[in-house]
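Shown below: work-v8.cif, with mmCIF, C-alpha atoms.
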data_upload
loop_
_atom_site.label_atom_id
_atom_site.label_comp_id
_atom_site.auth_asym_id
_atom_site.auth_seq_id
_atom_site.Cartn_x
_atom_site.Cartn_y
_atom_site.Cartn_z
CA ASP L 1 10.81 -8.74 -15.70
CA THR L 2 9.37 -6.26 -13.23
CA ALA L 3 5.69 -7.01 -12.61
CA VAL L 4 4.60 -3.42 -12.03
CA SER L 5 6.93 -0.78 -13.35
CA GLN L 6 6.54 2.96 -13.09
CA THR L 7 8.59 5.78 -14.53
CA PRO L 8 10.26 7.98 -13.63
CA LYS L 9 11.57 6.89 -10.25
CA TYR L 10 12.41 10.47 -9.31
CA LEU L 11 10.76 13.64 -10.55
CA VAL L 12 11.93 17.10 -9.51
CA THR L 13 10.04 20.03 -10.94
CA GLN L 14 8.98 23.61 -10.37
CA MET L 15 5.63 24.79 -9.09
CA GLY L 16 3.15 25.36 -11.87
CA ASN L 17 4.59 22.76 -14.23
CA ASP L 18 2.68 19.83 -15.69
CA LYS L 19 4.10 16.32 -15.33
CA SER L 20 3.16 12.71 -15.99
CA ILE L 21 3.98 9.42 -14.32
CA LYS L 22 3.62 6.21 -16.28
CA CYS L 23 2.77 2.75 -15.02
CA GLU L 24 2.70 -0.61 -16.72
CA GLN L 25 1.93 -4.08 -15.41
CA ASN L 26 2.75 -7.35 -17.15
CA LEU L 27 0.71 -9.58 -14.85
CA GLY L 28 -2.42 -9.63 -16.95
CA HIS L 29 -4.36 -7.99 -14.14
CA ASP L 30 -7.69 -6.27 -14.69
CA THR L 31 -7.41 -3.58 -12.00
CA MET L 32 -4.86 -0.84 -11.50
CA TYR L 33 -4.48 1.83 -8.82
CA TRP L 34 -2.68 5.00 -7.89
CA TYR L 35 -1.80 5.51 -4.23
CA LYS L 36 -0.16 8.56 -2.68
CA GLN L 37 2.27 8.24 0.23
CA ASP L 38 2.83 11.48 2.11
CA SER L 39 5.85 12.58 4.11
CA LYS L 40 4.54 10.72 7.17
CA LYS L 41 4.37 7.54 5.06
CA PHE L 42 0.58 7.47 5.15
CA LEU L 43 -0.82 5.69 2.09
CA LYS L 44 -4.10 6.79 0.55
CA ILE L 45 -5.79 5.66 -2.61
CA MET L 46 -6.34 8.20 -5.37
CA PHE L 47 -7.75 6.32 -8.34
CA SER L 48 -8.57 2.85 -9.54
CA TYR L 49 -9.37 1.47 -12.98
CA ASN L 50 -10.86 -1.86 -13.86
CA ASN L 51 -10.53 -2.86 -17.51
CA LYS L 52 -9.99 0.79 -18.44
CA GLU L 53 -13.08 1.91 -16.51
CA LEU L 54 -12.66 4.36 -13.64
CA ILE L 55 -14.07 2.77 -10.48
CA ILE L 56 -12.48 4.82 -7.69
CA ASN L 57 -11.99 8.56 -7.77
CA GLU L 58 -11.25 9.75 -4.26
CA THR L 59 -11.36 13.41 -3.31
CA VAL L 60 -8.40 14.38 -5.43
CA PRO L 61 -7.98 17.83 -7.01
CA ASN L 62 -9.01 18.11 -10.64
CA ARG L 63 -5.39 18.85 -11.47
CA PHE L 64 -4.81 15.10 -11.21
CA SER L 65 -6.05 13.12 -14.19
CA PRO L 66 -5.53 9.40 -14.64
CA LYS L 67 -5.59 7.79 -18.04
CA SER L 68 -5.77 4.11 -18.89
CA PRO L 69 -5.13 3.49 -22.59
CA ASP L 70 -5.42 -0.26 -22.02
CA LYS L 71 -5.73 -2.49 -18.99
CA ALA L 72 -1.95 -2.92 -18.72
CA HIS L 73 -1.26 0.80 -18.41
CA LEU L 74 -2.37 3.50 -16.02
CA ASN L 75 -0.78 6.92 -16.27
CA LEU L 76 -1.14 9.88 -13.95
CA HIS L 77 -0.99 13.42 -15.27
CA ILE L 78 -0.71 16.34 -12.90
CA ASN L 79 -1.35 19.92 -14.00
CA SER L 80 -0.16 23.08 -12.29
CA LEU L 81 1.94 21.32 -9.70
CA GLU L 82 1.87 22.66 -6.14
CA LEU L 83 4.26 22.27 -3.23
CA GLY L 84 1.75 20.03 -1.47
CA ASP L 85 1.88 17.53 -4.32
CA SER L 86 5.34 16.46 -3.20
CA ALA L 87 5.00 12.82 -2.20
CA VAL L 88 5.74 9.29 -3.35
CA TYR L 89 3.20 7.98 -5.84
CA PHE L 90 2.70 4.25 -6.10
CA CYS L 91 1.07 2.36 -8.90
CA ALA L 92 -0.41 -1.04 -8.09
CA SER L 93 -2.42 -3.76 -9.77
CA SER L 94 -4.62 -6.68 -8.79
CA GLN L 95 -6.33 -9.51 -10.60
CA GLY L 96 -9.84 -8.44 -9.66
CA ARG L 97 -11.51 -5.71 -7.62
CA GLY L 98 -12.82 -7.46 -4.53
CA PRO L 99 -11.91 -6.59 -0.92
CA ASN L 100 -9.70 -9.66 -0.73
CA GLU L 101 -7.42 -8.82 -3.62
CA LYS L 102 -3.66 -9.00 -3.29
CA LEU L 103 -2.10 -5.84 -4.63
CA PHE L 104 1.21 -5.77 -6.48
CA PHE L 105 3.01 -2.44 -6.12
CA GLY L 106 5.52 -0.62 -8.26
CA SER L 107 8.60 0.82 -6.61
CA GLY L 108 7.20 4.33 -6.50
CA THR L 109 7.84 7.73 -8.03
CA GLN L 110 9.21 10.34 -5.67
CA LEU L 111 7.85 13.70 -6.78
CA SER L 112 9.49 16.84 -5.43
CA VAL L 113 7.91 20.18 -6.28
CA LEU L 114 10.17 23.17 -5.69
CA ALA S 1 -16.27 4.05 9.02
CA GLN S 2 -13.58 1.54 8.24
CA SER S 3 -10.19 2.37 9.69
CA VAL S 4 -6.91 0.81 10.72
CA THR S 5 -4.73 1.89 13.62
CA GLN S 6 -1.14 0.91 14.21
CA PRO S 7 -0.35 2.21 17.70
CA ASP S 8 3.41 1.95 17.40
CA ILE S 9 5.03 4.42 15.01
CA HIS S 10 8.54 3.12 15.59
CA ILE S 11 9.87 -0.10 17.14
CA THR S 12 13.45 -1.17 17.74
CA VAL S 13 14.37 -4.77 18.47
CA SER S 14 17.64 -6.64 18.69
CA GLU S 15 18.51 -9.15 16.03
CA GLY S 16 17.32 -12.57 17.11
CA ALA S 17 14.65 -11.18 19.41
CA SER S 18 10.96 -11.78 18.90
CA LEU S 19 8.71 -9.17 17.31
CA GLU S 20 5.08 -8.19 17.59
CA LEU S 21 3.58 -5.32 15.61
CA ARG S 22 0.12 -4.22 16.64
CA CYS S 23 -2.83 -3.52 14.39
CA ASN S 24 -6.41 -2.64 15.33
CA TYR S 25 -9.21 -2.25 12.86
CA SER S 26 -12.70 -0.82 12.74
CA TYR S 27 -15.05 -2.68 10.40
CA GLY S 28 -18.74 -3.53 10.41
CA ALA S 29 -18.42 -7.16 9.38
CA THR S 30 -15.80 -9.86 8.92
CA PRO S 31 -12.81 -7.93 7.68
CA TYR S 32 -10.33 -8.76 4.98
CA LEU S 33 -6.98 -8.02 6.63
CA PHE S 34 -3.50 -7.67 5.22
CA TRP S 35 0.06 -6.97 6.28
CA TYR S 36 2.40 -5.38 3.74
CA VAL S 37 6.11 -4.61 4.09
CA GLN S 38 7.94 -1.73 2.43
CA SER S 39 11.71 -1.92 2.25
CA PRO S 40 13.59 1.35 1.76
CA GLY S 41 13.07 2.75 -1.73
CA GLN S 42 10.77 -0.10 -2.70
CA GLY S 43 7.10 -0.70 -3.22
CA LEU S 44 4.94 -2.68 -0.85
CA GLN S 45 5.00 -6.46 -0.75
CA LEU S 46 2.28 -8.63 0.73
CA LEU S 47 3.39 -10.58 3.81
CA LEU S 48 0.11 -12.31 4.60
CA LYS S 49 -3.64 -11.93 4.57
CA TYR S 50 -6.69 -13.14 6.49
CA PHE S 51 -10.20 -13.63 5.15
CA SER S 52 -11.74 -16.46 7.15
CA GLY S 53 -10.98 -19.79 8.74
CA ASP S 54 -7.97 -20.40 10.94
CA THR S 55 -7.28 -17.22 12.87
CA LEU S 56 -3.52 -17.79 12.83
CA VAL S 57 -2.15 -17.18 9.36
CA GLN S 58 1.32 -17.83 8.09
CA GLY S 59 3.09 -15.57 5.65
CA ILE S 60 6.35 -15.16 3.85
CA LYS S 61 9.72 -14.53 5.50
CA GLY S 62 8.70 -16.37 8.68
CA PHE S 63 5.94 -13.94 9.67
CA GLU S 64 2.59 -14.88 11.13
CA ALA S 65 -0.43 -12.93 12.29
CA GLU S 66 -3.36 -13.71 14.53
CA PHE S 67 -6.88 -12.42 14.01
CA LYS S 68 -8.74 -11.72 17.26
CA ARG S 69 -12.27 -10.60 16.62
CA SER S 70 -12.96 -9.81 20.30
CA GLN S 71 -10.06 -7.35 20.33
CA SER S 72 -10.47 -6.13 16.73
CA SER S 73 -6.80 -6.89 16.28
CA PHE S 74 -4.56 -8.48 13.70
CA ASN S 75 -1.07 -8.42 15.19
CA LEU S 76 1.99 -9.45 13.23
CA ARG S 77 4.64 -11.63 14.86
CA LYS S 78 7.99 -13.15 14.13
CA PRO S 79 9.87 -15.37 16.60
CA SER S 80 13.38 -14.25 15.63
CA VAL S 81 14.07 -11.03 13.76
CA HIS S 82 16.82 -10.72 11.16
CA TRP S 83 18.60 -7.49 10.25
CA SER S 84 16.99 -7.67 6.81
CA ASP S 85 13.55 -7.31 8.43
CA ALA S 86 14.21 -3.62 9.04
CA ALA S 87 11.49 -1.90 7.02
CA GLU S 88 8.12 -0.17 7.19
CA TYR S 89 5.18 -2.41 7.99
CA PHE S 90 1.62 -1.58 7.02
CA CYS S 91 -1.57 -3.18 8.21
CA ALA S 92 -4.55 -2.77 5.89
CA VAL S 93 -8.19 -3.69 5.56
CA GLY S 94 -10.00 -4.32 2.29
CA ALA S 95 -12.74 -1.73 1.88
CA LYS S 96 -16.32 -2.89 1.53
CA GLY S 97 -17.63 -2.99 -1.96
CA ASN S 98 -16.23 -4.19 -5.23
CA THR S 99 -13.35 -1.77 -5.71
CA GLY S 100 -10.19 -3.50 -4.53
CA LYS S 101 -9.43 -0.48 -2.37
CA LEU S 102 -7.19 -0.95 0.66
CA ILE S 103 -7.37 1.22 3.77
CA PHE S 104 -3.96 1.42 5.37
CA GLY S 105 -2.76 2.08 8.88
CA GLN S 106 -0.11 4.70 9.53
CA GLY S 107 2.69 2.17 9.36
CA THR S 108 5.28 0.99 11.88
CA THR S 109 8.97 1.52 11.26
CA LEU S 110 11.01 -1.45 12.44
CA GLN S 111 14.65 -0.90 13.32
CA VAL S 112 16.84 -3.92 14.06
CA LYS S 113 19.87 -3.54 16.33
CA PRO S 114 22.85 -5.82 15.70
#
Before we go any further, please render this structure as structure tokens.
Amino acid sequence: DTAVSQTPKYLVTQMGNDKSIKCEQNLGHDTMYWYKQDSKKFLKIMFSYNNKELIINETVPNRFSPKSPDKAHLNLHINSLELGDSAVYFCASSQGRGPNEKLFFGSGTQLSVL
Amino acid sequence: AQSVTQPDIHITVSEGASLELRCNYSYGATPYLFWYVQSPGQGLQLLLKYFSGDTLVQGIKGFEAEFKRSQSSFNLRKPSVHWSDAAEYFCAVGAKGNTGKLIFGQGTTLQVKP
């Protein structure tokens, strides 16, 4: 069983559309994250939830809205997609929320906005 | 501000040769340091981490890293590289506070020549 799974793996869409990426972890972890990897492979955190509570909300446009229905799931909804949203989005999880936590990553969703 | 710098964007080594990937950090206290590896099309996997104690830490796949406070460095090494080590390597520091957030370097692409 995949520890952190995200779907879809590839997402190709037109500008202006709304899309969602889903993430599930079966590790029993309390904390989940969304990271964005740009075309230069730079990774930056977007959001983090701990037991369904939002604890990190970096300077991300309001078009991006995370939702955590339970602590095993963290979805990312993106409204009015723009060309600059094209990137690889990684979901991750960790047991706790300290600075020493080991993160487990999903395999990524490559979003291409045309 | 906390930051991580990986000076080498791209490194090529011959199979069987030794490897050292550089990482420098900026942090106001004892840092929590990590090395992650990203194979093509995959998520990130933790290689090793340092929190305290012995400054030479061992990781998976034969990797090790040495923490040098005087140089603000946490370089990754491997005595003999295998073709399967070709990947993207990320150094990261755990952000201060109770969020689980990681601050990543820009990454180093490792190419292995046969």
Output as a Markdown table one row per residue of chain S within 7 Å of chain L: the closest atom pair and its distance in Å to one decimal place, counting only C-alpha atoms, sorted by chain and residue number ascending.
| residue | atom | partner | partner_atom | distance |
| --- | --- | --- | --- | --- |
| S:Tyr32 | CA | L:Asn100 | CA | 5.8 |
| S:Gly41 | CA | L:Ser107 | CA | 6.9 |
| S:Gln42 | CA | L:Ser107 | CA | 4.6 |
| S:Gly43 | CA | L:Ser107 | CA | 4.0 |
| S:Leu44 | CA | L:Phe105 | CA | 5.6 |
| S:Gln45 | CA | L:Phe104 | CA | 6.9 |
| S:Gly94 | CA | L:Pro99 | CA | 4.4 |
| S:Ala95 | CA | L:Pro99 | CA | 5.7 |
| S:Lys96 | CA | L:Pro99 | CA | 6.3 |
| S:Gly97 | CA | L:Pro99 | CA | 6.8 |
| S:Asn98 | CA | L:Gly98 | CA | 4.8 |
| S:Thr99 | CA | L:Arg97 | CA | 4.7 |
| S:Gly100 | CA | L:Arg97 | CA | 4.0 |
| S:Lys101 | CA | L:Pro99 | CA | 6.8 |
| S:Phe104 | CA | L:Leu43 | CA | 6.2 |
| S:Gln106 | CA | L:Phe42 | CA | 5.2 |
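For Ser72 in chain S, the residues within 10 Å (counting only C-alpha atoms, excluding itself and residues fewer than 3 positions away along the chain) are Val4, Cys23, Asn24, Tyr25, Ser26, Tyr27, Pro31, Phe67, Lys68, Arg69 and Asn75 of chain S.
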### Query
For the file shown, what are the residues hit by the PyMOL selection byres ((chain S and resi 84) around 12), laid out as a list in words?
Ser14, Glu15, Gly16, Val37, Gln38, Ser39, Pro40, Lys61, Ser80, Val81, His82, Trp83, Asp85, Ala86, Ala87, Glu88, Leu110, Gln111, Val112, Lys113 and Pro114 of chain S
Write the residues you've just listed into a file as a PDB file, in the coordinates of the input, and include C-alpha atoms for each of them.
ATOM      1  CA  SER S  14      17.640  -6.640  18.690  1.00  0.00           C
ATOM      2  CA  GLU S  15      18.510  -9.150  16.030  1.00  0.00           C
ATOM      3  CA  GLY S  16      17.320 -12.570  17.110  1.00  0.00           C
ATOM      4  CA  VAL S  37       6.110  -4.610   4.090  1.00  0.00           C
ATOM      5  CA  GLN S  38       7.940  -1.730   2.430  1.00  0.00           C
ATOM      6  CA  SER S  39      11.710  -1.920   2.250  1.00  0.00           C
ATOM      7  CA  PRO S  40      13.590   1.350   1.760  1.00  0.00           C
ATOM      8  CA  LYS S  61       9.720 -14.530   5.500  1.00  0.00           C
ATOM      9  CA  SER S  80      13.380 -14.250  15.630  1.00  0.00           C
ATOM     10  CA  VAL S  81      14.070 -11.030  13.760  1.00  0.00           C
ATOM     11  CA  HIS S  82      16.820 -10.720  11.160  1.00  0.00           C
ATOM     12  CA  TRP S  83      18.600  -7.490  10.250  1.00  0.00           C
ATOM     13  CA  ASP S  85      13.550  -7.310   8.430  1.00  0.00           C
ATOM     14  CA  ALA S  86      14.210  -3.620   9.040  1.00  0.00           C
ATOM     15  CA  ALA S  87      11.490  -1.900   7.020  1.00  0.00           C
ATOM     16  CA  GLU S  88       8.120  -0.170   7.190  1.00  0.00           C
ATOM     17  CA  LEU S 110      11.010  -1.450  12.440  1.00  0.00           C
ATOM     18  CA  GLN S 111      14.650  -0.900  13.320  1.00  0.00           C
ATOM     19  CA  VAL S 112      16.840  -3.920  14.060  1.00  0.00           C
ATOM     20  CA  LYS S 113      19.870  -3.540  16.330  1.00  0.00           C
ATOM     21  CA  PRO S 114      22.850  -5.820  15.700  1.00  0.00           C
TER      22      PRO S 114
END
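In this structure, CA of Val113 in chain L sits 17.3 Å away from CA of Val60 in chain L.
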### Task
Name every residue that the PyMOL selection byres ((chain L and resi 66-80) around 10) selects in this structure, writing the answer as number ranges by chain with chains first and numbers rising.
L: 4-7, 14-34, 46-54, 57, 61-65, 81-82, 85, 89, 91-93
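A straight line drawn from CA of Ile9 in chain S to CA of Ser86 in chain L is 21.8 Å long.
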### Task
Would you list the residues near (1.8, -12.2, 9.4), meaning any protein, DNA or RNA residue with an atom at most 12 Å from that point in file coordinates, counting all atoms listed in the file, as a ChimeraX atom specification?
/S:19-23,33-37,46-50,55-67,74-79,89-92
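Straight-line separation from CA of Thr12 in chain S to CA of Phe51 in chain S: 29.5 Å.
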